[in-house]
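Pasted below: coords21.cif, mmCIF, C-alpha atoms.
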```cif
data_query
loop_
_atom_site.label_atom_id
_atom_site.label_comp_id
_atom_site.auth_asym_id
_atom_site.auth_seq_id
_atom_site.Cartn_x
_atom_site.Cartn_y
_atom_site.Cartn_z
CA MET A 20 -19.88 -9.99 0.71
CA ILE A 21 -16.68 -7.97 0.91
CA VAL A 22 -15.48 -6.34 4.13
CA GLY A 23 -13.47 -3.19 3.41
CA ALA A 24 -13.78 -0.50 0.73
CA GLY A 25 -10.08 0.12 0.15
CA ILE A 26 -8.04 -0.94 -2.87
CA ALA A 27 -8.33 -4.68 -2.18
CA GLY A 28 -12.05 -4.59 -1.45
CA LEU A 29 -13.06 -2.35 -4.35
CA ALA A 30 -10.89 -4.28 -6.82
CA THR A 31 -12.46 -7.55 -5.68
CA ALA A 32 -15.93 -6.06 -5.98
CA LEU A 33 -15.20 -4.84 -9.50
CA ARG A 34 -13.77 -8.13 -10.72
CA LEU A 35 -16.55 -10.25 -9.23
CA ALA A 36 -19.32 -7.91 -10.41
CA ARG A 37 -17.95 -8.20 -13.93
CA ASP A 38 -18.06 -11.98 -13.55
CA GLY A 39 -21.75 -12.01 -12.62
CA TRP A 40 -21.54 -12.00 -8.83
CA GLN A 41 -23.63 -9.57 -6.76
CA PRO A 42 -21.16 -8.03 -4.31
CA ILE A 43 -22.13 -6.30 -1.08
CA VAL A 44 -19.29 -4.14 0.25
CA VAL A 45 -19.37 -3.05 3.90
CA GLU A 46 -16.98 -0.42 5.23
CA ARG A 47 -16.44 0.63 8.85
CA ALA A 48 -15.71 4.28 7.98
CA PRO A 49 -18.79 6.48 7.58
CA VAL A 50 -17.44 8.08 4.39
CA ARG A 51 -14.72 7.37 1.88
CA ARG A 52 -11.22 8.19 2.97
CA SER A 53 -8.54 9.87 0.87
CA GLY A 54 -4.84 10.62 1.03
CA GLY A 55 -1.87 8.32 0.97
CA TYR A 56 1.41 8.37 -0.88
CA LEU A 57 2.64 7.12 -4.24
CA VAL A 58 2.03 3.57 -5.43
CA ASN A 59 3.77 1.87 -8.34
CA LEU A 60 1.55 -0.45 -10.35
CA LEU A 61 3.77 -2.93 -12.14
CA GLY A 62 3.96 -6.65 -12.71
CA GLY A 63 0.75 -8.40 -11.71
CA GLY A 64 -0.72 -5.12 -10.49
CA TYR A 65 -0.37 -3.51 -13.93
CA ASP A 66 -1.80 -6.63 -15.57
CA ALA A 67 -4.78 -6.46 -13.22
CA VAL A 68 -5.68 -2.82 -13.90
CA GLU A 69 -5.37 -3.55 -17.61
CA ARG A 70 -7.76 -6.51 -17.43
CA LEU A 71 -10.16 -4.56 -15.20
CA GLY A 72 -10.35 -1.78 -17.77
CA LEU A 73 -8.86 0.86 -15.45
CA LEU A 74 -5.83 1.89 -17.51
CA PRO A 75 -7.43 4.85 -19.34
CA ALA A 76 -8.71 6.47 -16.13
CA LEU A 77 -5.46 5.81 -14.26
CA ALA A 78 -3.32 7.05 -17.14
CA GLU A 79 -5.04 10.43 -16.82
CA ARG A 80 -3.91 10.59 -13.19
CA ALA A 81 -0.45 9.11 -13.69
CA LEU A 82 2.27 11.18 -12.07
CA GLY A 83 4.85 10.58 -14.73
CA PRO A 84 8.61 10.78 -14.24
CA PHE A 85 10.19 13.13 -11.74
CA THR A 86 13.67 13.85 -10.43
CA THR A 87 14.67 12.78 -6.93
CA VAL A 88 17.22 14.82 -4.96
CA LEU A 89 18.85 13.29 -1.90
CA VAL A 90 19.46 16.05 0.63
CA ARG A 91 21.27 16.63 3.90
CA SER A 92 19.33 17.49 7.01
CA ASP A 93 19.77 21.21 6.28
CA GLY A 94 18.26 20.80 2.82
CA ARG A 95 21.50 21.01 0.82
CA PRO A 96 21.57 18.47 -2.04
CA LYS A 97 23.84 15.44 -1.87
CA LEU A 98 23.09 13.86 -5.23
CA THR A 99 20.44 13.92 -7.92
CA VAL A 100 18.74 10.88 -9.40
CA PRO A 101 17.35 11.80 -12.84
CA SER A 102 13.85 10.64 -13.71
CA VAL A 103 15.27 8.48 -16.49
CA VAL A 104 16.84 6.21 -13.87
CA ALA A 105 13.48 5.35 -12.33
CA GLU A 106 11.93 4.94 -15.78
CA ALA A 107 14.66 2.51 -16.80
CA ALA A 108 14.36 0.54 -13.57
CA LEU A 109 10.57 0.26 -13.57
CA GLY A 110 10.10 -0.44 -17.27
CA PRO A 111 7.33 0.56 -19.69
CA ARG A 112 4.46 -1.42 -18.10
CA THR A 113 4.31 0.74 -15.00
CA LEU A 114 1.98 3.39 -13.63
CA THR A 115 2.77 5.63 -10.68
CA VAL A 116 -0.29 7.20 -9.07
CA PHE A 117 -1.36 8.48 -5.69
CA ARG A 118 -3.10 5.88 -3.57
CA GLY A 119 -6.10 8.16 -3.21
CA ASP A 120 -6.43 8.48 -7.00
CA LEU A 121 -6.33 4.70 -7.39
CA GLU A 122 -9.14 4.35 -4.85
CA ASP A 123 -11.12 7.08 -6.63
CA VAL A 124 -10.88 5.28 -9.95
CA LEU A 125 -11.89 1.96 -8.37
CA TYR A 126 -14.81 3.59 -6.58
CA GLU A 127 -16.12 5.21 -9.75
CA ALA A 128 -15.84 1.85 -11.53
CA VAL A 129 -17.98 0.01 -8.93
CA ARG A 130 -20.40 2.77 -7.98
CA GLY A 131 -23.88 1.79 -9.13
CA ARG A 132 -22.76 -1.78 -9.83
CA VAL A 133 -22.41 -3.06 -6.27
CA ASP A 134 -24.17 -2.55 -2.94
CA LEU A 135 -21.88 -0.22 -0.93
CA ARG A 136 -22.66 0.24 2.76
CA PHE A 137 -20.54 2.73 4.70
CA GLY A 138 -20.57 2.97 8.48
CA THR A 139 -21.28 -0.77 8.67
CA THR A 140 -19.34 -3.58 10.33
CA VAL A 141 -19.67 -7.35 10.68
CA ASP A 142 -21.01 -8.43 14.07
CA SER A 143 -20.73 -12.19 13.55
CA VAL A 144 -20.09 -14.85 10.93
CA GLU A 145 -21.54 -18.36 10.93
CA GLN A 146 -20.21 -20.81 8.37
CA VAL A 147 -22.56 -23.46 7.06
CA ALA A 148 -22.02 -26.00 4.29
CA ASP A 149 -22.35 -23.77 1.23
CA ARG A 150 -22.55 -20.21 2.53
CA ALA A 151 -21.53 -17.74 5.21
CA VAL A 152 -24.28 -16.19 7.34
CA VAL A 153 -23.17 -12.64 8.15
CA ARG A 154 -24.85 -10.44 10.75
CA LEU A 155 -24.17 -6.74 10.28
CA SER A 156 -24.13 -3.79 12.62
CA ASP A 157 -27.10 -2.22 10.81
CA GLY A 158 -29.27 -5.09 12.07
CA THR A 159 -29.45 -6.99 8.78
CA THR A 160 -28.36 -10.56 8.09
CA GLU A 161 -26.96 -11.63 4.73
CA GLU A 162 -26.24 -15.10 3.38
CA ALA A 163 -23.20 -15.02 1.11
CA ASP A 164 -21.69 -17.62 -1.18
CA LEU A 165 -18.34 -16.07 -0.34
CA LEU A 166 -17.15 -13.67 2.37
CA VAL A 167 -13.98 -11.71 1.52
CA GLY A 168 -12.11 -9.99 4.33
CA ALA A 169 -10.30 -7.06 2.68
CA ASP A 170 -10.24 -4.87 5.77
CA GLY A 171 -6.54 -4.13 5.97
CA VAL A 172 -3.64 -4.88 8.25
CA HIS A 173 -5.80 -4.44 11.38
CA SER A 174 -8.46 -6.78 9.96
CA ALA A 175 -11.31 -7.65 12.28
CA THR A 176 -12.26 -10.42 9.84
CA ARG A 177 -8.84 -12.01 10.33
CA THR A 178 -9.25 -11.90 14.10
CA THR A 179 -12.68 -13.52 13.81
CA LEU A 180 -11.36 -16.33 11.64
CA PHE A 181 -7.90 -16.97 13.04
CA GLY A 182 -7.64 -15.11 16.36
CA ASP A 183 -4.94 -12.66 17.37
CA GLY A 184 -1.19 -12.99 16.98
CA HIS A 185 -0.76 -13.01 13.19
CA ARG A 186 0.18 -9.35 12.81
CA VAL A 187 3.93 -8.88 13.23
CA ASP A 188 4.62 -5.33 14.41
CA LEU A 189 7.98 -3.85 13.50
CA PRO A 190 9.71 -1.07 15.49
CA TYR A 191 8.80 1.67 13.01
CA VAL A 192 5.99 4.11 12.35
CA VAL A 193 4.97 5.63 9.03
CA ALA A 194 3.06 8.73 7.98
CA ALA A 195 1.83 9.81 4.55
CA PHE A 196 -0.44 12.70 3.63
CA PRO A 197 -1.31 15.06 0.76
CA LEU A 198 0.02 18.62 0.88
CA ILE A 199 -2.30 21.60 0.71
CA ARG A 200 0.09 23.51 -1.53
CA PRO A 201 3.29 22.62 -3.41
CA PRO A 202 6.28 23.06 -1.09
CA GLU A 203 8.43 26.03 -2.14
CA ALA A 204 11.60 24.38 -0.84
CA VAL A 205 11.20 21.52 -3.31
CA PRO A 206 11.69 22.25 -7.03
CA ALA A 207 8.72 21.58 -9.31
CA SER A 208 8.45 18.08 -10.82
CA SER A 209 10.84 16.66 -8.24
CA ALA A 210 11.12 15.11 -4.80
CA THR A 211 13.57 15.72 -2.01
CA THR A 212 14.48 12.77 0.16
CA PHE A 213 16.37 12.91 3.43
CA ILE A 214 17.70 9.58 4.70
CA GLY A 215 19.45 9.52 8.04
CA PRO A 216 20.09 6.86 10.66
CA GLY A 217 16.75 5.33 11.54
CA ARG A 218 14.56 7.71 9.51
CA THR A 219 13.47 8.93 6.07
CA ALA A 220 11.49 11.99 4.95
CA ALA A 221 10.39 12.42 1.33
CA ILE A 222 8.54 15.46 -0.03
CA VAL A 223 7.11 15.36 -3.57
CA ASN A 224 6.24 18.53 -5.50
CA LEU A 225 4.28 17.73 -8.64
CA GLY A 226 2.07 20.80 -8.51
CA PRO A 227 -1.27 21.71 -6.89
CA ARG A 228 -3.22 18.71 -5.57
CA ARG A 229 -0.35 16.48 -6.73
CA SER A 230 2.11 16.94 -3.88
CA SER A 231 2.55 14.79 -0.81
CA ALA A 232 4.81 13.85 2.09
CA PHE A 233 6.09 10.56 3.44
CA PHE A 234 7.86 9.88 6.74
CA THR A 235 9.05 6.77 8.49
CA TYR A 236 11.31 6.27 11.47
CA ARG A 237 12.48 3.63 13.89
CA CYS A 238 11.31 3.88 17.50
CA PRO A 239 11.30 1.57 20.54
CA ASP A 240 7.57 1.93 21.20
CA PRO A 241 5.37 2.56 18.13
CA GLY A 242 2.25 2.41 20.27
CA ARG A 243 3.42 5.37 22.29
CA GLU A 244 4.12 7.33 19.10
CA LEU A 245 0.59 6.67 17.88
CA GLN A 246 -0.83 7.91 21.18
CA ARG A 247 1.10 11.16 20.77
CA GLY A 248 -0.51 11.73 17.37
CA PRO A 249 1.09 12.54 14.03
CA VAL A 250 1.86 16.23 14.57
CA PRO A 251 3.85 16.03 17.85
CA ALA A 252 5.41 12.68 16.92
CA LEU A 253 6.71 13.85 13.54
CA ARG A 254 7.85 17.22 14.90
CA ALA A 255 9.91 15.40 17.51
CA ALA A 256 11.39 12.97 14.97
CA PHE A 257 12.00 15.41 12.08
CA GLY A 258 12.02 18.90 13.61
CA ASP A 259 15.69 19.33 12.68
CA VAL A 260 15.24 18.49 8.98
CA ALA A 261 14.82 21.10 6.20
CA GLY A 262 14.23 20.49 2.47
CA GLY A 263 10.46 20.94 2.50
CA VAL A 264 9.87 19.11 5.79
CA PRO A 265 8.88 22.22 7.81
CA GLU A 266 6.28 23.16 5.16
CA ALA A 267 4.91 19.62 5.15
CA LEU A 268 4.60 19.58 8.93
CA ARG A 269 2.75 22.91 8.86
CA ASP A 270 0.32 21.42 6.34
CA LEU A 271 -0.12 18.39 8.57
CA GLU A 272 -0.86 20.59 11.56
CA ALA A 273 -3.57 22.38 9.57
CA ASP A 274 -5.23 19.11 8.49
CA PRO A 275 -4.14 16.11 10.57
CA VAL A 276 -7.34 14.15 9.89
CA ASN A 277 -6.33 13.13 6.36
CA ALA A 278 -2.93 11.80 7.41
CA TYR A 279 -2.15 8.11 7.38
CA PHE A 280 -0.21 7.47 10.58
CA ASP A 281 0.39 3.93 11.81
CA ARG A 282 2.93 1.38 12.94
CA VAL A 283 4.72 -0.70 10.31
CA SER A 284 3.52 -4.30 10.31
CA GLN A 285 3.47 -7.51 8.35
CA VAL A 286 0.87 -10.29 8.48
CA ASP A 287 1.95 -13.91 8.63
CA LEU A 288 -0.83 -16.49 8.20
CA PRO A 289 -0.44 -20.19 7.41
CA GLN A 290 -3.60 -20.08 5.29
CA TRP A 291 -5.86 -17.35 3.94
CA SER A 292 -9.23 -19.09 3.83
CA VAL A 293 -11.61 -21.13 5.95
CA GLY A 294 -14.69 -22.65 4.31
CA ARG A 295 -16.51 -19.91 2.39
CA THR A 296 -14.46 -17.09 3.92
CA VAL A 297 -11.16 -15.73 2.55
CA LEU A 298 -8.79 -12.89 3.38
CA LEU A 299 -7.26 -10.73 0.65
CA GLY A 300 -4.75 -7.88 0.51
CA ASP A 301 -3.14 -6.54 3.69
CA ALA A 302 -5.65 -8.47 5.80
CA ALA A 303 -4.07 -11.70 4.55
CA TRP A 304 -0.46 -10.92 3.77
CA CYS A 305 0.57 -7.31 4.50
CA VAL A 306 4.11 -7.08 3.14
CA SER A 307 4.67 -3.60 4.69
CA LEU A 308 5.71 -0.35 3.07
CA PHE A 309 9.36 -1.47 3.14
CA ALA A 310 8.55 -3.93 0.35
CA GLY A 311 6.31 -1.69 -1.71
CA HIS A 312 3.97 -3.55 -4.07
CA GLY A 313 1.13 -3.58 -1.52
CA ALA A 314 -1.37 -2.00 -3.92
CA ALA A 315 -0.12 -4.08 -6.84
CA LEU A 316 -0.48 -7.28 -4.82
CA ALA A 317 -3.99 -6.34 -3.74
CA LEU A 318 -5.04 -5.71 -7.34
CA ALA A 319 -3.39 -8.88 -8.58
CA GLY A 320 -4.94 -10.88 -5.74
CA ALA A 321 -8.44 -9.60 -6.55
CA ASP A 322 -8.03 -10.28 -10.26
CA GLN A 323 -6.59 -13.75 -9.77
CA LEU A 324 -9.33 -14.62 -7.27
CA GLY A 325 -11.91 -13.88 -9.94
CA THR A 326 -10.04 -16.08 -12.41
CA ALA A 327 -9.87 -19.00 -9.97
CA LEU A 328 -13.55 -18.72 -9.04
CA GLY A 329 -14.50 -18.63 -12.71
CA ARG A 330 -12.44 -21.71 -13.45
CA HIS A 331 -13.98 -23.78 -10.62
CA GLY A 332 -17.63 -22.77 -10.91
CA ASP A 333 -19.45 -23.89 -7.78
CA GLY A 334 -16.25 -25.36 -6.32
CA VAL A 335 -15.48 -22.30 -4.22
CA ARG A 336 -13.19 -24.06 -1.78
CA SER A 337 -11.14 -25.60 -4.58
CA ALA A 338 -10.89 -22.18 -6.20
CA LEU A 339 -9.61 -20.62 -2.98
CA THR A 340 -6.98 -23.33 -2.58
CA GLU A 341 -5.74 -22.88 -6.16
CA TRP A 342 -5.73 -19.10 -5.81
CA GLU A 343 -3.65 -19.16 -2.63
CA THR A 344 -1.18 -21.67 -4.04
CA GLY A 345 -0.57 -19.46 -7.05
CA LEU A 346 -0.08 -16.25 -5.05
CA ARG A 347 1.73 -17.26 -1.88
CA ALA A 348 5.24 -17.53 -3.36
CA GLU A 349 5.09 -13.91 -4.53
CA VAL A 350 3.91 -12.75 -1.09
CA VAL A 351 6.69 -14.64 0.69
CA LYS A 352 9.25 -13.07 -1.66
CA ARG A 353 7.92 -9.55 -1.07
CA GLN A 354 7.92 -10.00 2.71
CA ALA A 355 11.55 -11.09 2.58
CA LEU A 356 12.40 -8.04 0.46
CA ALA A 357 10.71 -5.86 3.08
CA ARG A 358 13.04 -7.07 5.77
CA ARG A 359 15.96 -5.96 3.62
CA GLY A 360 14.14 -2.74 2.78
CA MET A 361 14.36 -1.63 6.40
CA TYR A 362 18.01 -0.83 5.78
CA GLN A 363 17.03 1.53 2.97
CA TYR A 364 14.20 3.41 4.68
CA ALA A 365 15.64 3.44 8.18
CA PRO A 366 19.35 2.58 7.99
CA PRO A 367 20.66 1.63 11.43
CA SER A 368 23.86 3.71 11.27
CA ARG A 369 25.68 6.44 9.34
CA LEU A 370 27.73 3.71 7.70
CA HIS A 371 24.54 2.16 6.31
CA VAL A 372 23.41 5.60 5.10
CA TRP A 373 26.70 6.00 3.25
CA LEU A 374 26.49 2.50 1.74
CA ASN A 375 22.97 3.23 0.49
CA GLU A 376 24.22 6.42 -1.15
CA VAL A 377 27.05 4.53 -2.84
CA THR A 378 24.47 2.14 -4.29
CA ILE A 379 22.25 5.00 -5.48
CA ARG A 380 25.20 6.73 -7.10
CA ALA A 381 26.08 3.50 -8.87
CA VAL A 382 22.62 2.98 -10.38
CA THR A 383 22.72 6.45 -11.93
CA LEU A 384 25.61 5.30 -14.15
CA PRO A 385 24.35 4.44 -17.66
CA GLY A 386 25.95 1.00 -17.77
CA ILE A 387 24.37 -0.02 -14.47
CA ARG A 388 20.81 1.05 -15.34
CA GLY A 389 20.27 -1.86 -17.69
CA LEU A 390 21.42 -4.34 -15.06
CA VAL A 391 19.06 -2.80 -12.49
CA ARG A 392 16.15 -2.86 -14.95
CA ARG A 393 16.72 -6.52 -15.81
CA GLY A 394 17.01 -7.42 -12.12
CA ILE A 395 13.70 -5.71 -11.32
CA GLU A 396 12.04 -7.33 -14.33
CA ARG A 397 13.09 -10.73 -13.01
CA GLN A 398 11.64 -9.87 -9.57
CA ASN A 399 8.31 -8.93 -11.15
CA ARG A 400 7.88 -12.05 -13.23
#
```
Any chance you could put this one into structure tokens?
Amino acid sequence: MIVGAGIAGLATALRLARDGWQPIVVERAPVRRSGGYLVNLLGGGYDAVERLGLLPALAERALGPFTTVLVRSDGRPKLTVPSVVAEAALGPRTLTVFRGDLEDVLYEAVRGRVDLRFGTTVDSVEQVADRAVVRLSDGTTEEADLLVGADGVHSATRTTLFGDGHRVDLPYVVAAFPLIRPPEAVPASSATTFIGPGRTAAIVNLGPRRSSAFFTYRCPDPGRELQRGPVPALRAAFGDVAGGVPEALRDLEADPVNAYFDRVSQVDLPQWSVGRTVLLGDAAWCVSLFAGHGAALALAGADQLGTALGRHGDGVRSALTEWETGLRAEVVKRQALARRGMYQYAPPSRLHVWLNEVTIRAVTLPGIRGLVRRGIERQNR
């Protein structure tokens, strides 16, 4: 049984179904959700989609290279980062897709192969020697050889297993949402990015149904921002910024339901499994948007879990121990990178903004690109 029908849950369901398991996926939401921003699938994430047979479908939805223009608050350009810079840094084994498209491809791959139950939650879990007895909100009870909590950073499964206190909330909020129409203020096949003290706004124009917006900012009370809602909160934080931001906020006002709007958090757990129950993805190790790689880690985690279970046969607990040992070092590294990433997405001062721009200017130089690419390749090994 898998709790959560996001990237982590669907990828786990696909891998285990291919290995002969009979997954049941339960999802709190009554229907599938969409939206989200860009995700880069590289390293273990790219390897996972390749092994899961998802590359052809994802390649059709790949966004391809695009130019990024850093702008001032009034929309005037500061500097341009050609698409070739990102291509050189990320390397050939990389796919950039919208999060919603990745979930669509995963859903189509598992539909008809697994038991998907929307609008359903877990009421209780009882662990016995060789199974987990799971009582569901629809009144049914299932006995599972393995229960996988893939229900995200706010995981109820994690709370049931380990209690509260393992989510580390950072003083930032984030919003991401698709745009109804390509923003006229942003040139086609490009993105404009405004980075100021404590905040970032990025607007991507890749054509109809391929454009989106991303915002993050530092604030003393993220909970209060969430209570305000995405429209008033983002208007207050970015109302003075041009470069496609006003168009994005108008789109948001017309359709706030499909926006992702949440606090920025990490999850810090000393272990990811208990008995026949395991956490996977953001539920276990959320690295936060400041690190990136969240989708790639979820895919890699699902794929590697299947490998470990296949290697250990009926020894589920041994498989879970091996799986966690092999993955934890990468998670710890990404969480550390996230703490440094705060200075890029929400630099604390104008000096930090300027230093970031100096770095960006440097990586656009031909001689530096190779060094950047090799450094990123080492990080992804």
**Item:** Nearby residues (only C-alpha atoms) at most 12 Å from Ala278 (chain A), same-chain spacing under 4 positions excluded, as an MDAnalysis selection string
**Value:** chainID A and resid 52:56 119 193:199 231:234 248:250 253 267:268 270:274
**Request:** Please write as a VMD selection string the list of polymer residues whose atoms come within 12 Å of (-20.2, -16.4, 3.9), counting only C-alpha atoms and keeping to the coordinates of the file.
**Result:** chain A and resid 20 to 22 42 to 43 141 143 to 154 160 to 168 176 180 292 to 298 335 to 336
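Coordinates place CA of Gly215 (chain A) at a distance of 10.4 Å from CA of Asn375 (chain A).
Candidate residues A:Ser92, A:Gln290, A:Ser368, A:Thr86 were compared for distance to Thr344 (chain A), and the nearest is A:Gln290, using all atoms listed in the file.
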**Prompt:** Exactly which residues make up the result of the PyMOL selection byres ((chain A and resi 326-334) around 10) on this file, given as a PyMOL selection string?
**Reply:** chain A and resi 34-35+38-39+149+164+320-325+335-343+345
Can you spit out the residues from that selection as a PDB file, keeping the file's coordinate frame, using C-alpha atoms?
```pdb
ATOM      1  CA  ARG A  34     -13.770  -8.130 -10.720  1.00  0.00           C
ATOM      2  CA  LEU A  35     -16.550 -10.250  -9.230  1.00  0.00           C
ATOM      3  CA  ASP A  38     -18.060 -11.980 -13.550  1.00  0.00           C
ATOM      4  CA  GLY A  39     -21.750 -12.010 -12.620  1.00  0.00           C
ATOM      5  CA  ASP A 149     -22.350 -23.770   1.230  1.00  0.00           C
ATOM      6  CA  ASP A 164     -21.690 -17.620  -1.180  1.00  0.00           C
ATOM      7  CA  GLY A 320      -4.940 -10.880  -5.740  1.00  0.00           C
ATOM      8  CA  ALA A 321      -8.440  -9.600  -6.550  1.00  0.00           C
ATOM      9  CA  ASP A 322      -8.030 -10.280 -10.260  1.00  0.00           C
ATOM     10  CA  GLN A 323      -6.590 -13.750  -9.770  1.00  0.00           C
ATOM     11  CA  LEU A 324      -9.330 -14.620  -7.270  1.00  0.00           C
ATOM     12  CA  GLY A 325     -11.910 -13.880  -9.940  1.00  0.00           C
ATOM     13  CA  VAL A 335     -15.480 -22.300  -4.220  1.00  0.00           C
ATOM     14  CA  ARG A 336     -13.190 -24.060  -1.780  1.00  0.00           C
ATOM     15  CA  SER A 337     -11.140 -25.600  -4.580  1.00  0.00           C
ATOM     16  CA  ALA A 338     -10.890 -22.180  -6.200  1.00  0.00           C
ATOM     17  CA  LEU A 339      -9.610 -20.620  -2.980  1.00  0.00           C
ATOM     18  CA  THR A 340      -6.980 -23.330  -2.580  1.00  0.00           C
ATOM     19  CA  GLU A 341      -5.740 -22.880  -6.160  1.00  0.00           C
ATOM     20  CA  TRP A 342      -5.730 -19.100  -5.810  1.00  0.00           C
ATOM     21  CA  GLU A 343      -3.650 -19.160  -2.630  1.00  0.00           C
ATOM     22  CA  GLY A 345      -0.570 -19.460  -7.050  1.00  0.00           C
TER      23      GLY A 345
END
```
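Distances from A:Val100, A:Asp66, A:Leu74, A:Asp301 to Gly23 (chain A) were compared using only C-alpha atoms, and the smallest one belongs to A:Asp301.
If only C-alpha atoms are the atoms counted, then among A:Ala78, A:Leu121, A:Val103, A:Val45 the closest residue to Ile26 (chain A) is A:Leu121.
You will find CA of Leu29 (chain A) at 22.3 Å from CA of Arg112 (chain A).
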Region 67-78 of chain A: axis-aligned bounding box, 5 Å on each side, centre and edge lengths in Å, one decimal, as JSON:
```
{"center_x": -6.8, "center_y": 0.3, "center_z": -16.3, "size_x": 17.0, "size_y": 23.6, "size_z": 16.1}
```
If you keep C-alpha atoms, can you output region 190-253 of chain A as a short mmCIF file (atom, residue, chain, number, x, y, z; two decimals), in the first residue's frame?
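The resulting decode_28.cif:
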```cif
data_model
loop_
_atom_site.label_atom_id
_atom_site.label_comp_id
_atom_site.auth_asym_id
_atom_site.auth_seq_id
_atom_site.Cartn_x
_atom_site.Cartn_y
_atom_site.Cartn_z
CA PRO A 190 11.38 31.51 7.16
CA TYR A 191 10.31 31.48 3.50
CA VAL A 192 7.23 30.81 1.43
CA VAL A 193 7.07 29.60 -2.17
CA ALA A 194 4.48 29.76 -4.92
CA ALA A 195 4.43 28.09 -8.34
CA PHE A 196 1.62 27.94 -10.88
CA PRO A 197 0.95 27.53 -14.61
CA LEU A 198 0.06 30.62 -16.64
CA ILE A 199 -3.14 30.83 -18.63
CA ARG A 200 -1.41 32.58 -21.51
CA PRO A 201 2.23 33.34 -22.38
CA PRO A 202 3.27 36.61 -20.72
CA GLU A 203 3.79 39.37 -23.30
CA ALA A 204 6.46 41.04 -21.18
CA VAL A 205 8.68 37.95 -21.43
CA PRO A 206 10.21 37.09 -24.82
CA ALA A 207 9.29 33.72 -26.30
CA SER A 208 11.53 30.75 -25.40
CA SER A 209 12.97 32.60 -22.42
CA ALA A 210 12.55 33.36 -18.74
CA THR A 211 12.90 36.58 -16.82
CA THR A 212 14.20 36.34 -13.29
CA PHE A 213 14.18 39.12 -10.73
CA ILE A 214 16.36 38.53 -7.66
CA GLY A 215 16.31 41.12 -4.92
CA PRO A 216 17.07 41.08 -1.21
CA GLY A 217 14.99 38.33 0.33
CA ARG A 218 12.98 37.43 -2.78
CA THR A 219 12.96 35.94 -6.29
CA ALA A 220 10.37 35.99 -9.09
CA ALA A 221 10.83 33.93 -12.26
CA ILE A 222 8.44 33.95 -15.22
CA VAL A 223 8.90 31.40 -18.02
CA ASN A 224 7.42 31.89 -21.50
CA LEU A 225 7.67 28.73 -23.56
CA GLY A 226 4.38 29.19 -25.37
CA PRO A 227 0.74 28.23 -24.72
CA ARG A 228 0.28 25.70 -21.91
CA ARG A 229 4.06 25.74 -21.41
CA SER A 230 4.48 28.90 -19.35
CA SER A 231 4.63 29.24 -15.60
CA ALA A 232 5.60 31.44 -12.67
CA PHE A 233 7.70 30.88 -9.56
CA PHE A 234 7.99 33.09 -6.48
CA THR A 235 9.76 32.76 -3.18
CA TYR A 236 10.47 35.26 -0.43
CA ARG A 237 11.69 35.50 3.12
CA CYS A 238 9.18 36.45 5.80
CA PRO A 239 9.10 36.39 9.62
CA ASP A 240 5.85 34.42 9.84
CA PRO A 241 5.16 32.00 6.95
CA GLY A 242 2.01 30.77 8.66
CA ARG A 243 0.51 34.23 8.51
CA GLU A 244 1.36 34.48 4.80
CA LEU A 245 -0.43 31.21 4.14
CA GLN A 246 -3.51 32.47 5.98
CA ARG A 247 -3.58 35.54 3.74
CA GLY A 248 -3.66 33.33 0.64
CA PRO A 249 -1.49 33.41 -2.47
CA VAL A 250 -3.04 36.40 -4.24
CA PRO A 251 -2.81 39.04 -1.46
CA ALA A 252 0.48 37.63 -0.13
CA LEU A 253 2.25 37.72 -3.49
#
```
